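Novice: So here's final33.pdb (PDB, C-alpha atoms).
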```pdb
ATOM      1  CA  MET A   1     -14.361  41.064  10.307
ATOM      2  CA  SER A   2     -14.666  42.485   6.783
ATOM      3  CA  ASP A   3     -15.230  40.235   3.787
ATOM      4  CA  THR A   4     -12.380  39.546   1.400
ATOM      5  CA  ARG A   5     -13.425  41.164  -1.878
ATOM      6  CA  PHE A   6     -12.222  41.216  -5.483
ATOM      7  CA  ASP A   7     -14.115  44.254  -6.716
ATOM      8  CA  GLY A   8     -12.527  45.672  -9.863
ATOM      9  CA  LYS A   9     -10.406  42.574 -10.435
ATOM     10  CA  VAL A  10     -10.617  40.260 -13.455
ATOM     11  CA  ALA A  11      -9.935  36.539 -13.061
ATOM     12  CA  VAL A  12      -9.293  33.832 -15.641
ATOM     13  CA  VAL A  13     -10.117  30.332 -14.389
ATOM     14  CA  THR A  14      -9.294  27.437 -16.700
ATOM     15  CA  GLY A  15     -11.163  24.158 -16.546
ATOM     16  CA  ALA A  16     -13.981  26.032 -14.823
ATOM     17  CA  GLY A  17     -16.928  24.119 -16.253
ATOM     18  CA  HIS A  18     -16.886  21.422 -13.576
ATOM     19  CA  GLY A  19     -15.586  20.537 -10.135
ATOM     20  CA  LEU A  20     -12.828  22.629  -8.645
ATOM     21  CA  GLY A  21     -12.686  25.215 -11.416
ATOM     22  CA  ARG A  22     -16.408  25.799 -11.226
ATOM     23  CA  GLN A  23     -16.224  26.412  -7.488
ATOM     24  CA  HIS A  24     -13.220  28.737  -7.893
ATOM     25  CA  ALA A  25     -15.108  30.774 -10.491
ATOM     26  CA  LEU A  26     -18.299  30.924  -8.415
ATOM     27  CA  LEU A  27     -16.475  32.078  -5.279
ATOM     28  CA  LEU A  28     -14.384  34.724  -7.023
ATOM     29  CA  ALA A  29     -17.475  36.065  -8.785
ATOM     30  CA  ALA A  30     -19.488  36.057  -5.563
ATOM     31  CA  ARG A  31     -16.776  38.241  -4.014
ATOM     32  CA  GLY A  32     -16.879  40.782  -6.823
ATOM     33  CA  ALA A  33     -14.429  39.549  -9.462
ATOM     34  CA  ARG A  34     -15.336  39.538 -13.127
ATOM     35  CA  VAL A  35     -14.542  36.039 -14.348
ATOM     36  CA  VAL A  36     -13.555  34.367 -17.604
ATOM     37  CA  VAL A  37     -14.935  30.839 -17.274
ATOM     38  CA  ASN A  38     -12.769  28.722 -19.546
ATOM     39  CA  ASP A  39     -13.577  25.111 -20.393
ATOM     40  CA  ILE A  40     -13.608  23.079 -23.608
ATOM     41  CA  GLY A  41     -16.239  20.795 -22.085
ATOM     42  CA  GLY A  42     -14.344  17.573 -22.837
ATOM     43  CA  THR A  43     -14.187  14.256 -21.029
ATOM     44  CA  VAL A  44     -11.844  13.481 -18.142
ATOM     45  CA  SER A  45      -9.384  12.065 -20.689
ATOM     46  CA  GLY A  46      -9.530  15.257 -22.735
ATOM     47  CA  THR A  47     -11.605  14.082 -25.683
ATOM     48  CA  GLY A  48     -14.637  15.869 -27.141
ATOM     49  CA  ARG A  49     -15.854  19.436 -26.914
ATOM     50  CA  ASP A  50     -18.964  21.013 -25.447
ATOM     51  CA  ASP A  51     -19.596  24.718 -24.854
ATOM     52  CA  GLY A  52     -22.364  23.855 -22.392
ATOM     53  CA  PRO A  53     -20.464  23.505 -19.087
ATOM     54  CA  ALA A  54     -18.728  26.909 -19.281
ATOM     55  CA  ALA A  55     -21.953  28.584 -20.400
ATOM     56  CA  ALA A  56     -23.862  26.992 -17.514
ATOM     57  CA  VAL A  57     -21.372  28.336 -14.953
ATOM     58  CA  VAL A  58     -21.616  31.808 -16.500
ATOM     59  CA  ARG A  59     -25.406  31.676 -16.240
ATOM     60  CA  GLU A  60     -25.127  30.665 -12.601
ATOM     61  CA  ILE A  61     -22.779  33.565 -11.879
ATOM     62  CA  ARG A  62     -25.030  36.053 -13.652
ATOM     63  CA  ASP A  63     -28.135  34.713 -11.937
ATOM     64  CA  ASN A  64     -26.392  35.475  -8.636
ATOM     65  CA  GLY A  65     -25.627  39.040  -9.696
ATOM     66  CA  GLY A  66     -22.050  38.531 -10.866
ATOM     67  CA  GLU A  67     -20.223  39.216 -14.122
ATOM     68  CA  ALA A  68     -18.683  36.484 -16.243
ATOM     69  CA  VAL A  69     -18.004  35.410 -19.804
ATOM     70  CA  ALA A  70     -17.599  31.895 -21.175
ATOM     71  CA  ASP A  71     -14.544  30.839 -23.154
ATOM     72  CA  ALA A  72     -14.080  27.490 -24.926
ATOM     73  CA  ASN A  73     -10.497  27.858 -26.158
ATOM     74  CA  THR A  74      -8.032  25.094 -25.335
ATOM     75  CA  VAL A  75      -5.130  25.661 -22.980
ATOM     76  CA  ALA A  76      -3.155  22.988 -24.834
ATOM     77  CA  THR A  77      -1.855  25.365 -27.529
ATOM     78  CA  ALA A  78      -0.151  28.739 -27.434
ATOM     79  CA  ALA A  79      -2.869  30.167 -29.677
ATOM     80  CA  GLY A  80      -5.568  28.867 -27.357
ATOM     81  CA  GLY A  81      -3.902  30.298 -24.271
ATOM     82  CA  ARG A  82      -3.553  33.711 -25.876
ATOM     83  CA  ALA A  83      -7.172  33.602 -27.008
ATOM     84  CA  ILE A  84      -8.304  32.961 -23.416
ATOM     85  CA  VAL A  85      -6.445  36.029 -22.174
ATOM     86  CA  ASP A  86      -7.695  38.021 -25.168
ATOM     87  CA  THR A  87     -11.237  37.167 -24.054
ATOM     88  CA  ALA A  88     -10.529  38.776 -20.682
ATOM     89  CA  ILE A  89      -9.019  41.886 -22.247
ATOM     90  CA  ALA A  90     -11.744  42.265 -24.860
ATOM     91  CA  ARG A  91     -14.574  41.832 -22.386
ATOM     92  CA  PHE A  92     -13.202  43.363 -19.191
ATOM     93  CA  GLY A  93     -10.144  45.386 -20.239
ATOM     94  CA  ARG A  94      -7.596  43.736 -17.947
ATOM     95  CA  VAL A  95      -6.525  40.539 -16.228
ATOM     96  CA  ASP A  96      -5.432  40.404 -12.586
ATOM     97  CA  ILE A  97      -5.762  36.743 -11.648
ATOM     98  CA  VAL A  98      -4.994  33.500 -13.455
ATOM     99  CA  VAL A  99      -6.046  30.204 -11.912
ATOM    100  CA  ASN A 100      -4.479  27.358 -13.892
ATOM    101  CA  ASN A 101      -6.883  24.556 -13.086
ATOM    102  CA  ALA A 102      -7.543  22.724 -16.382
ATOM    103  CA  GLY A 103      -6.508  19.097 -16.323
ATOM    104  CA  ILE A 104      -7.068  15.616 -17.736
ATOM    105  CA  LEU A 105      -6.199  12.028 -16.820
ATOM    106  CA  ARG A 106      -4.765   9.212 -18.915
ATOM    107  CA  ASP A 107      -3.442   6.804 -16.297
ATOM    108  CA  ALA A 108      -1.467   3.683 -17.085
ATOM    109  CA  PRO A 109       1.300   1.597 -15.527
ATOM    110  CA  PHE A 110       4.670   2.936 -16.642
ATOM    111  CA  HIS A 111       5.357  -0.168 -18.747
ATOM    112  CA  ASP A 112       2.184   0.675 -20.713
ATOM    113  CA  MET A 113       2.819   4.424 -20.895
ATOM    114  CA  THR A 114       2.667   5.698 -24.472
ATOM    115  CA  PRO A 115       3.689   8.992 -26.080
ATOM    116  CA  ASP A 116       0.075  10.031 -26.620
ATOM    117  CA  ARG A 117      -0.715   9.518 -22.927
ATOM    118  CA  LEU A 118       2.340  11.545 -21.929
ATOM    119  CA  ASP A 119       2.086  14.321 -24.522
ATOM    120  CA  ALA A 120      -1.580  15.013 -23.808
ATOM    121  CA  LEU A 121      -0.925  15.436 -20.077
ATOM    122  CA  ILE A 122       2.100  17.676 -20.615
ATOM    123  CA  ASP A 123       0.152  19.766 -23.152
ATOM    124  CA  VAL A 124      -2.774  20.437 -20.808
ATOM    125  CA  HIS A 125      -1.277  20.567 -17.319
ATOM    126  CA  LEU A 126       2.208  21.947 -17.848
ATOM    127  CA  LYS A 127       2.233  23.662 -21.229
ATOM    128  CA  GLY A 128      -1.311  24.838 -20.559
ATOM    129  CA  ALA A 129      -0.064  26.859 -17.596
ATOM    130  CA  PHE A 130       2.657  28.347 -19.800
ATOM    131  CA  HIS A 131       0.219  29.111 -22.630
ATOM    132  CA  VAL A 132      -2.273  30.984 -20.441
ATOM    133  CA  THR A 133       0.082  32.603 -17.963
ATOM    134  CA  GLY A 134       2.464  33.890 -20.647
ATOM    135  CA  PRO A 135       0.164  36.456 -22.280
ATOM    136  CA  ALA A 136      -1.401  37.307 -18.908
ATOM    137  CA  TRP A 137       2.100  37.866 -17.503
ATOM    138  CA  ALA A 138       2.778  40.609 -20.047
ATOM    139  CA  VAL A 139      -0.374  42.416 -18.892
ATOM    140  CA  MET A 140       0.476  41.916 -15.224
ATOM    141  CA  ARG A 141       4.013  43.255 -15.660
ATOM    142  CA  GLU A 142       2.672  46.320 -17.428
ATOM    143  CA  GLN A 143       0.124  47.050 -14.704
ATOM    144  CA  ARG A 144       2.625  45.998 -12.010
ATOM    145  CA  TYR A 145       0.172  43.679 -10.322
ATOM    146  CA  GLY A 146      -0.992  40.111 -10.679
ATOM    147  CA  ARG A 147      -1.792  36.842  -8.957
ATOM    148  CA  VAL A 148      -1.272  33.347 -10.397
ATOM    149  CA  VAL A 149      -2.480  30.157  -8.732
ATOM    150  CA  ASN A 150      -1.269  26.881 -10.239
ATOM    151  CA  THR A 151      -2.710  23.447  -9.554
ATOM    152  CA  THR A 152      -0.188  20.765  -8.735
ATOM    153  CA  SER A 153      -1.027  17.421  -7.117
ATOM    154  CA  ALA A 154      -0.036  15.009  -4.386
ATOM    155  CA  ALA A 155       0.644  12.564  -7.226
ATOM    156  CA  GLY A 156       3.419  14.858  -8.382
ATOM    157  CA  LEU A 157       4.666  15.925  -4.968
ATOM    158  CA  PHE A 158       4.606  12.518  -3.299
ATOM    159  CA  GLY A 159       4.001   9.994  -6.081
ATOM    160  CA  ALA A 160       1.152   7.684  -7.067
ATOM    161  CA  VAL A 161       1.131   4.455  -9.027
ATOM    162  CA  GLU A 162       0.103   4.508 -12.676
ATOM    163  CA  LYS A 163       0.471   8.291 -12.851
ATOM    164  CA  SER A 164       3.978   8.808 -14.239
ATOM    165  CA  ASN A 165       2.641  11.174 -16.915
ATOM    166  CA  TYR A 166       0.376  13.053 -14.509
ATOM    167  CA  GLY A 167       2.994  13.198 -11.760
ATOM    168  CA  ALA A 168       5.665  14.491 -14.130
ATOM    169  CA  ALA A 169       3.382  17.243 -15.438
ATOM    170  CA  LYS A 170       2.244  18.261 -11.971
ATOM    171  CA  THR A 171       5.770  18.335 -10.571
ATOM    172  CA  GLY A 172       6.786  20.530 -13.483
ATOM    173  CA  LEU A 173       4.273  23.070 -12.203
ATOM    174  CA  LEU A 174       6.159  23.207  -8.906
ATOM    175  CA  GLY A 175       9.284  24.478 -10.652
ATOM    176  CA  PHE A 176       7.166  26.794 -12.783
ATOM    177  CA  THR A 177       5.619  28.271  -9.636
ATOM    178  CA  ARG A 178       8.943  28.825  -7.889
ATOM    179  CA  VAL A 179      10.620  30.504 -10.849
ATOM    180  CA  LEU A 180       7.685  32.795 -11.607
ATOM    181  CA  ALA A 181       7.454  33.788  -7.941
ATOM    182  CA  ALA A 182      11.059  34.983  -8.112
ATOM    183  CA  GLU A 183      10.621  36.767 -11.440
ATOM    184  CA  GLY A 184       7.336  38.384 -10.452
ATOM    185  CA  ALA A 185       8.449  39.792  -7.107
ATOM    186  CA  GLU A 186       9.557  43.186  -8.391
ATOM    187  CA  HIS A 187       6.265  43.632 -10.258
ATOM    188  CA  ASP A 188       3.960  42.697  -7.348
ATOM    189  CA  ILE A 189       3.034  39.462  -9.127
ATOM    190  CA  LYS A 190       2.641  36.627  -6.646
ATOM    191  CA  VAL A 191       2.570  33.014  -7.776
ATOM    192  CA  ASN A 192       1.570  30.076  -5.600
ATOM    193  CA  ALA A 193       0.226  26.565  -6.047
ATOM    194  CA  ILE A 194      -2.313  24.268  -4.488
ATOM    195  CA  ALA A 195      -2.390  20.489  -4.289
ATOM    196  CA  PRO A 196      -6.142  19.890  -3.999
ATOM    197  CA  ILE A 197      -7.951  16.886  -2.571
ATOM    198  CA  ALA A 198     -11.538  17.039  -3.770
ATOM    199  CA  ALA A 199     -14.402  14.933  -5.076
ATOM    200  CA  THR A 200     -14.046  15.787  -8.759
ATOM    201  CA  ARG A 201     -14.516  13.814 -11.962
ATOM    202  CA  MET A 202     -10.780  13.115 -11.955
ATOM    203  CA  LEU A 203     -10.772  11.767  -8.399
ATOM    204  CA  ALA A 204     -13.877   9.710  -9.124
ATOM    205  CA  GLN A 205     -12.110   8.118 -12.093
ATOM    206  CA  ALA A 206      -8.974   7.442 -10.072
ATOM    207  CA  LEU A 207     -10.912   5.895  -7.193
ATOM    208  CA  ALA A 208     -13.025   3.819  -9.566
ATOM    209  CA  ASP A 209      -9.829   2.375 -10.999
ATOM    210  CA  ALA A 210      -8.400   1.788  -7.509
ATOM    211  CA  ALA A 211     -11.605   0.138  -6.272
ATOM    212  CA  GLY A 212     -11.833  -2.261  -9.189
ATOM    213  CA  GLY A 213     -12.426  -5.701  -7.684
ATOM    214  CA  ALA A 214     -12.434  -4.328  -4.144
ATOM    215  CA  ASP A 215     -14.809  -5.731  -1.540
ATOM    216  CA  PRO A 216     -18.039  -3.803  -0.776
ATOM    217  CA  ASP A 217     -16.759  -2.543   2.580
ATOM    218  CA  THR A 218     -13.729  -0.955   0.930
ATOM    219  CA  VAL A 219     -15.887   0.650  -1.750
ATOM    220  CA  ALA A 220     -18.239   2.009   0.943
ATOM    221  CA  MET A 221     -15.288   3.387   2.910
ATOM    222  CA  LEU A 222     -13.932   5.154  -0.176
ATOM    223  CA  GLN A 223     -17.354   6.643  -0.871
ATOM    224  CA  ALA A 224     -17.754   7.887   2.693
ATOM    225  CA  PHE A 225     -14.345   9.534   2.429
ATOM    226  CA  THR A 226     -15.042  11.254  -0.872
ATOM    227  CA  ASP A 227     -18.382  12.556   0.422
ATOM    228  CA  LYS A 228     -16.391  14.808   2.749
ATOM    229  CA  LEU A 229     -14.260  16.247  -0.074
ATOM    230  CA  ASP A 230     -16.509  19.009  -1.374
ATOM    231  CA  PRO A 231     -14.556  20.988  -4.032
ATOM    232  CA  ALA A 232     -15.991  24.173  -2.504
ATOM    233  CA  LEU A 233     -13.720  23.582   0.520
ATOM    234  CA  VAL A 234     -10.640  24.075  -1.686
ATOM    235  CA  SER A 235     -11.728  27.328  -3.311
ATOM    236  CA  PRO A 236     -11.212  29.576  -0.243
ATOM    237  CA  VAL A 237      -7.514  28.729  -0.372
ATOM    238  CA  VAL A 238      -7.353  29.595  -4.077
ATOM    239  CA  ALA A 239      -9.227  32.835  -3.472
ATOM    240  CA  PHE A 240      -6.898  33.875  -0.658
ATOM    241  CA  LEU A 241      -3.838  33.202  -2.818
ATOM    242  CA  ALA A 242      -5.471  35.232  -5.594
ATOM    243  CA  HIS A 243      -6.160  38.224  -3.360
ATOM    244  CA  GLU A 244      -4.130  41.432  -3.228
ATOM    245  CA  ASP A 245      -3.482  40.894   0.503
ATOM    246  CA  CYS A 246      -1.839  37.484  -0.014
ATOM    247  CA  PRO A 247       1.542  37.739   1.765
ATOM    248  CA  VAL A 248       3.266  34.690   0.257
ATOM    249  CA  SER A 249       4.716  33.776  -3.120
ATOM    250  CA  GLY A 250       6.333  30.581  -4.338
ATOM    251  CA  ALA A 251       4.494  28.452  -1.786
ATOM    252  CA  VAL A 252       2.511  25.238  -2.179
ATOM    253  CA  PHE A 253      -0.533  24.345  -0.109
ATOM    254  CA  SER A 254      -2.388  21.080   0.315
ATOM    255  CA  ALA A 255      -6.110  21.819   0.493
ATOM    256  CA  GLY A 256      -9.035  19.490   0.932
ATOM    257  CA  GLY A 257     -11.949  18.587   3.157
ATOM    258  CA  GLY A 258     -11.608  21.806   5.127
ATOM    259  CA  GLN A 259      -7.896  21.494   5.894
ATOM    260  CA  VAL A 260      -5.117  23.633   4.451
ATOM    261  CA  ALA A 261      -1.429  22.953   5.086
ATOM    262  CA  ARG A 262       1.841  24.119   3.639
ATOM    263  CA  VAL A 263       3.840  21.606   1.604
ATOM    264  CA  PHE A 264       7.520  22.398   1.202
ATOM    265  CA  LEU A 265      10.830  21.159  -0.141
ATOM    266  CA  GLY A 266      13.479  21.022   2.554
ATOM    267  CA  ARG A 267      17.233  20.406   2.439
ATOM    268  CA  ALA A 268      18.582  18.235   5.232
ATOM    269  CA  ALA A 269      21.887  19.090   6.899
ATOM    270  CA  GLY A 270      23.413  15.991   5.361
ATOM    271  CA  TYR A 271      27.038  14.876   5.440
ATOM    272  CA  TYR A 272      30.090  16.733   4.133
ATOM    273  CA  HIS A 273      33.591  15.572   3.263
ATOM    274  CA  PRO A 274      35.990  17.605   1.096
ATOM    275  CA  ALA A 275      37.166  14.425  -0.684
ATOM    276  CA  LEU A 276      33.823  12.583  -0.872
ATOM    277  CA  SER A 277      34.034   8.934  -1.954
ATOM    278  CA  ILE A 278      31.561   6.151  -2.637
ATOM    279  CA  GLU A 279      32.470   4.668   0.726
ATOM    280  CA  HIS A 280      31.719   7.933   2.510
ATOM    281  CA  VAL A 281      28.225   7.915   1.005
ATOM    282  CA  ARG A 282      27.790   4.245   1.931
ATOM    283  CA  ASP A 283      28.988   4.650   5.513
ATOM    284  CA  HIS A 284      27.119   7.860   6.371
ATOM    285  CA  GLN A 285      23.587   7.012   5.259
ATOM    286  CA  ASP A 286      22.102   7.840   8.645
ATOM    287  CA  GLU A 287      23.455  11.399   8.480
ATOM    288  CA  ILE A 288      22.501  11.835   4.831
ATOM    289  CA  LEU A 289      18.923  10.656   5.401
ATOM    290  CA  ASP A 290      18.408  12.416   8.754
ATOM    291  CA  THR A 291      15.791  15.191   8.462
ATOM    292  CA  THR A 292      16.088  16.448  12.051
ATOM    293  CA  ASN A 293      17.803  19.630  10.889
ATOM    294  CA  TYR A 294      16.831  21.164   7.593
ATOM    295  CA  THR A 295      16.482  24.431   5.740
ATOM    296  CA  ILE A 296      13.842  25.548   3.254
ATOM    297  CA  PRO A 297      15.781  27.244   0.455
ATOM    298  CA  ALA A 298      13.994  30.195  -1.095
ATOM    299  CA  ASP A 299      15.730  29.517  -4.410
ATOM    300  CA  SER A 300      18.716  27.701  -5.918
ATOM    301  CA  GLY A 301      21.042  30.405  -4.565
ATOM    302  CA  ASP A 302      19.935  29.577  -1.020
ATOM    303  CA  GLU A 303      20.682  25.913  -1.649
ATOM    304  CA  ILE A 304      24.206  26.754  -2.819
ATOM    305  CA  ALA A 305      24.628  28.956   0.255
ATOM    306  CA  ASP A 306      23.851  25.901   2.427
ATOM    307  CA  LEU A 307      26.674  24.037   0.689
ATOM    308  CA  PHE A 308      29.079  26.925   1.203
ATOM    309  CA  ARG A 309      28.192  26.999   4.905
ATOM    310  CA  ALA A 310      28.962  23.292   5.203
ATOM    311  CA  MET A 311      32.332  23.889   3.544
ATOM    312  CA  ALA A 312      33.078  26.823   5.832
ATOM    313  CA  ASP A 313      32.059  24.880   8.949
ATOM    314  CA  ASP A 314      34.350  22.017   7.967
ATOM    315  CA  ALA A 315      37.220  24.379   7.292
ATOM    316  CA  ALA A 316      36.740  26.036  10.684
ATOM    317  CA  ALA A 317      36.600  22.684  12.444
ATOM    318  CA  THR A 318      39.711  21.267  10.731
ATOM    319  CA  GLY A 319      41.702  24.474  10.442
ATOM    320  CA  GLY A 320      41.733  24.022   6.665
TER     321      GLY A 320
END
```
Turn this file's structure into structure tokens for me.

Specialist:
Amino acid sequence: MSDTRFDGKVAVVTGAGHGLGRQHALLLAARGARVVVNDIGGTVSGTGRDDGPAAAVVREIRDNGGEAVADANTVATAAGGRAIVDTAIARFGRVDIVVNNAGILRDAPFHDMTPDRLDALIDVHLKGAFHVTGPAWAVMREQRYGRVVNTTSAAGLFGAVEKSNYGAAKTGLLGFTRVLAAEGAEHDIKVNAIAPIAATRMLAQALADAAGGADPDTVAMLQAFTDKLDPALVSPVVAFLAHEDCPVSGAVFSAGGGQVARVFLGRAAGYYHPALSIEHVRDHQDEILDTTNYTIPADSGDEIADLFRAMADDAAATGG
């Protein structure tokens, strides 16, 4: 079985100074990609700056025979995002892969959520993906090839307490992924997302908060669990989605601890009545909530088609 290689390809990985991003950058470089290692070197909450982490990852890549350049521009502004892509173009002449990985945490119960906690998360996670992908997209359209991997989260897909800002930003990336997958199809640009589960600084912070006041056995159990969540076990999924042979676009994958699984939005068959009333909704909850039969719409047009089919089926059954 031949190795999956990225020879001749240029990858931009944001938030690559630590954790998941570092492992993504190391794996892509080890398989032949030239990598822009982007990281401002801040804290988990997004404060401070330090060029050291990105530079250290670049040294590691070069020591292993790879090619990489460090970049300390922020993803949180349009100027910063363009500068990151400009680094790739100036150093390597092209950009083929964007891995939007940069992220921060500012958790709080919703009743304590403040604009600064919300705005900072939206700026980094959601707008950051826009800021970096936008200028890279222009290059990818011109060369008629590209791969984008976004980083969503179970907190956005399924919910998690005290993460309304984080969950909102991460769910926004789901819509971003789906729309770009549709727009990129004719240019051979594929866009997918991962929902990683890994022992990173962000998970450590979240678990520390969750374990506050917990008994020693619970703390030990949490530690034993996180020991199995090596970030390096997520990177193969990212690398596959970033490869030219990737067959899917617009998909989301949960990845962690050695497992990878598709996560999808489905539309249940539901209940239809041509003169729907409040009472119909009240009295047909079992049908509305039943997920036995469902479709997975490829886009909003598919979802409307499901509605039209329900209308047509009703008309056929009633002779209307």

Novice: Please provide the set of residues having any atom within 10 Å of Thr4 (chain A), restricted to all atoms listed in the file, with same-chain residues fewer than 2 positions apart removed, written as a ChimeraX atom specification.

Specialist: /A:1-2,6-7,28,31-32,239-240,243-245

Novice: Hey, which of A:Thr226, A:Ser249, A:Asn100, A:Ser300 ends up closest to His131 (chain A)? Count all atoms listed in the file.

Specialist: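 Of A:Thr226, A:Ser249, A:Asn100, A:Ser300, the one nearest His131 (chain A), counting all atoms listed in the file, is A:Asn100.
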
Novice: Can you give me, as a PDB file with C-alpha atoms, in the frame of the given file, the residues this file yields under the PyMOL selection byres ((chain A and resi 110-121) around 8)?

Specialist:
```pdb
ATOM      1  CA  GLY A 103      -6.508  19.097 -16.323  1.00  0.00           C
ATOM      2  CA  ILE A 104      -7.068  15.616 -17.736  1.00  0.00           C
ATOM      3  CA  LEU A 105      -6.199  12.028 -16.820  1.00  0.00           C
ATOM      4  CA  ARG A 106      -4.765   9.212 -18.915  1.00  0.00           C
ATOM      5  CA  ASP A 107      -3.442   6.804 -16.297  1.00  0.00           C
ATOM      6  CA  ALA A 108      -1.467   3.683 -17.085  1.00  0.00           C
ATOM      7  CA  PRO A 109       1.300   1.597 -15.527  1.00  0.00           C
ATOM      8  CA  ILE A 122       2.100  17.676 -20.615  1.00  0.00           C
ATOM      9  CA  ASP A 123       0.152  19.766 -23.152  1.00  0.00           C
ATOM     10  CA  VAL A 124      -2.774  20.437 -20.808  1.00  0.00           C
ATOM     11  CA  HIS A 125      -1.277  20.567 -17.319  1.00  0.00           C
ATOM     12  CA  LEU A 126       2.208  21.947 -17.848  1.00  0.00           C
ATOM     13  CA  GLU A 162       0.103   4.508 -12.676  1.00  0.00           C
ATOM     14  CA  LYS A 163       0.471   8.291 -12.851  1.00  0.00           C
ATOM     15  CA  SER A 164       3.978   8.808 -14.239  1.00  0.00           C
ATOM     16  CA  ASN A 165       2.641  11.174 -16.915  1.00  0.00           C
ATOM     17  CA  TYR A 166       0.376  13.053 -14.509  1.00  0.00           C
ATOM     18  CA  ALA A 169       3.382  17.243 -15.438  1.00  0.00           C
TER      19      ALA A 169
END
```

Novice: Care to translate the PyMOL selection byres ((chain A and resi 192-196) around 10) into actual residues of this file, as a PyMOL selection string?

Specialist: chain A and resi 20+99-101+147-157+170+173-174+176-178+180-181+190-191+197-199+229+231+233-235+237-238+241-242+246+248-257+260-263

Novice: Write the selection just made, keeping C-alpha atoms, as a PDB file, in the coordinates of the input?

Specialist:
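So result_4.pdb came out as:
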```pdb
ATOM      1  CA  LEU A  20     -12.828  22.629  -8.645  1.00  0.00           C
ATOM      2  CA  VAL A  99      -6.046  30.204 -11.912  1.00  0.00           C
ATOM      3  CA  ASN A 100      -4.479  27.358 -13.892  1.00  0.00           C
ATOM      4  CA  ASN A 101      -6.883  24.556 -13.086  1.00  0.00           C
ATOM      5  CA  ARG A 147      -1.792  36.842  -8.957  1.00  0.00           C
ATOM      6  CA  VAL A 148      -1.272  33.347 -10.397  1.00  0.00           C
ATOM      7  CA  VAL A 149      -2.480  30.157  -8.732  1.00  0.00           C
ATOM      8  CA  ASN A 150      -1.269  26.881 -10.239  1.00  0.00           C
ATOM      9  CA  THR A 151      -2.710  23.447  -9.554  1.00  0.00           C
ATOM     10  CA  THR A 152      -0.188  20.765  -8.735  1.00  0.00           C
ATOM     11  CA  SER A 153      -1.027  17.421  -7.117  1.00  0.00           C
ATOM     12  CA  ALA A 154      -0.036  15.009  -4.386  1.00  0.00           C
ATOM     13  CA  ALA A 155       0.644  12.564  -7.226  1.00  0.00           C
ATOM     14  CA  GLY A 156       3.419  14.858  -8.382  1.00  0.00           C
ATOM     15  CA  LEU A 157       4.666  15.925  -4.968  1.00  0.00           C
ATOM     16  CA  LYS A 170       2.244  18.261 -11.971  1.00  0.00           C
ATOM     17  CA  LEU A 173       4.273  23.070 -12.203  1.00  0.00           C
ATOM     18  CA  LEU A 174       6.159  23.207  -8.906  1.00  0.00           C
ATOM     19  CA  PHE A 176       7.166  26.794 -12.783  1.00  0.00           C
ATOM     20  CA  THR A 177       5.619  28.271  -9.636  1.00  0.00           C
ATOM     21  CA  ARG A 178       8.943  28.825  -7.889  1.00  0.00           C
ATOM     22  CA  LEU A 180       7.685  32.795 -11.607  1.00  0.00           C
ATOM     23  CA  ALA A 181       7.454  33.788  -7.941  1.00  0.00           C
ATOM     24  CA  LYS A 190       2.641  36.627  -6.646  1.00  0.00           C
ATOM     25  CA  VAL A 191       2.570  33.014  -7.776  1.00  0.00           C
ATOM     26  CA  ILE A 197      -7.951  16.886  -2.571  1.00  0.00           C
ATOM     27  CA  ALA A 198     -11.538  17.039  -3.770  1.00  0.00           C
ATOM     28  CA  ALA A 199     -14.402  14.933  -5.076  1.00  0.00           C
ATOM     29  CA  LEU A 229     -14.260  16.247  -0.074  1.00  0.00           C
ATOM     30  CA  PRO A 231     -14.556  20.988  -4.032  1.00  0.00           C
ATOM     31  CA  LEU A 233     -13.720  23.582   0.520  1.00  0.00           C
ATOM     32  CA  VAL A 234     -10.640  24.075  -1.686  1.00  0.00           C
ATOM     33  CA  SER A 235     -11.728  27.328  -3.311  1.00  0.00           C
ATOM     34  CA  VAL A 237      -7.514  28.729  -0.372  1.00  0.00           C
ATOM     35  CA  VAL A 238      -7.353  29.595  -4.077  1.00  0.00           C
ATOM     36  CA  LEU A 241      -3.838  33.202  -2.818  1.00  0.00           C
ATOM     37  CA  ALA A 242      -5.471  35.232  -5.594  1.00  0.00           C
ATOM     38  CA  CYS A 246      -1.839  37.484  -0.014  1.00  0.00           C
ATOM     39  CA  VAL A 248       3.266  34.690   0.257  1.00  0.00           C
ATOM     40  CA  SER A 249       4.716  33.776  -3.120  1.00  0.00           C
ATOM     41  CA  GLY A 250       6.333  30.581  -4.338  1.00  0.00           C
ATOM     42  CA  ALA A 251       4.494  28.452  -1.786  1.00  0.00           C
ATOM     43  CA  VAL A 252       2.511  25.238  -2.179  1.00  0.00           C
ATOM     44  CA  PHE A 253      -0.533  24.345  -0.109  1.00  0.00           C
ATOM     45  CA  SER A 254      -2.388  21.080   0.315  1.00  0.00           C
ATOM     46  CA  ALA A 255      -6.110  21.819   0.493  1.00  0.00           C
ATOM     47  CA  GLY A 256      -9.035  19.490   0.932  1.00  0.00           C
ATOM     48  CA  GLY A 257     -11.949  18.587   3.157  1.00  0.00           C
ATOM     49  CA  VAL A 260      -5.117  23.633   4.451  1.00  0.00           C
ATOM     50  CA  ALA A 261      -1.429  22.953   5.086  1.00  0.00           C
ATOM     51  CA  ARG A 262       1.841  24.119   3.639  1.00  0.00           C
ATOM     52  CA  VAL A 263       3.840  21.606   1.604  1.00  0.00           C
TER      53      VAL A 263
END
```

Novice: Separation of CA of Thr14 (chain A) and CA of Glu186 (chain A), in Å?

Specialist: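 Those two atoms sit 25.9 Å apart.
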
Novice: Near Met140 (chain A), within 8 Å and counting all atoms listed in the file, which residues show up once chain neighbours fewer than 5 positions away are dropped, as a CSV table (one decimal) with C-alpha atoms, in the coordinates of the input?

Specialist:
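Written output follows (out_2.csv):
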```csv
chain,number,residue,atom,x,y,z
A,95,VAL,CA,-6.5,40.5,-16.2
A,96,ASP,CA,-5.4,40.4,-12.6
A,145,TYR,CA,0.2,43.7,-10.3
A,146,GLY,CA,-1.0,40.1,-10.7
A,187,HIS,CA,6.3,43.6,-10.3
A,189,ILE,CA,3.0,39.5,-9.1
```
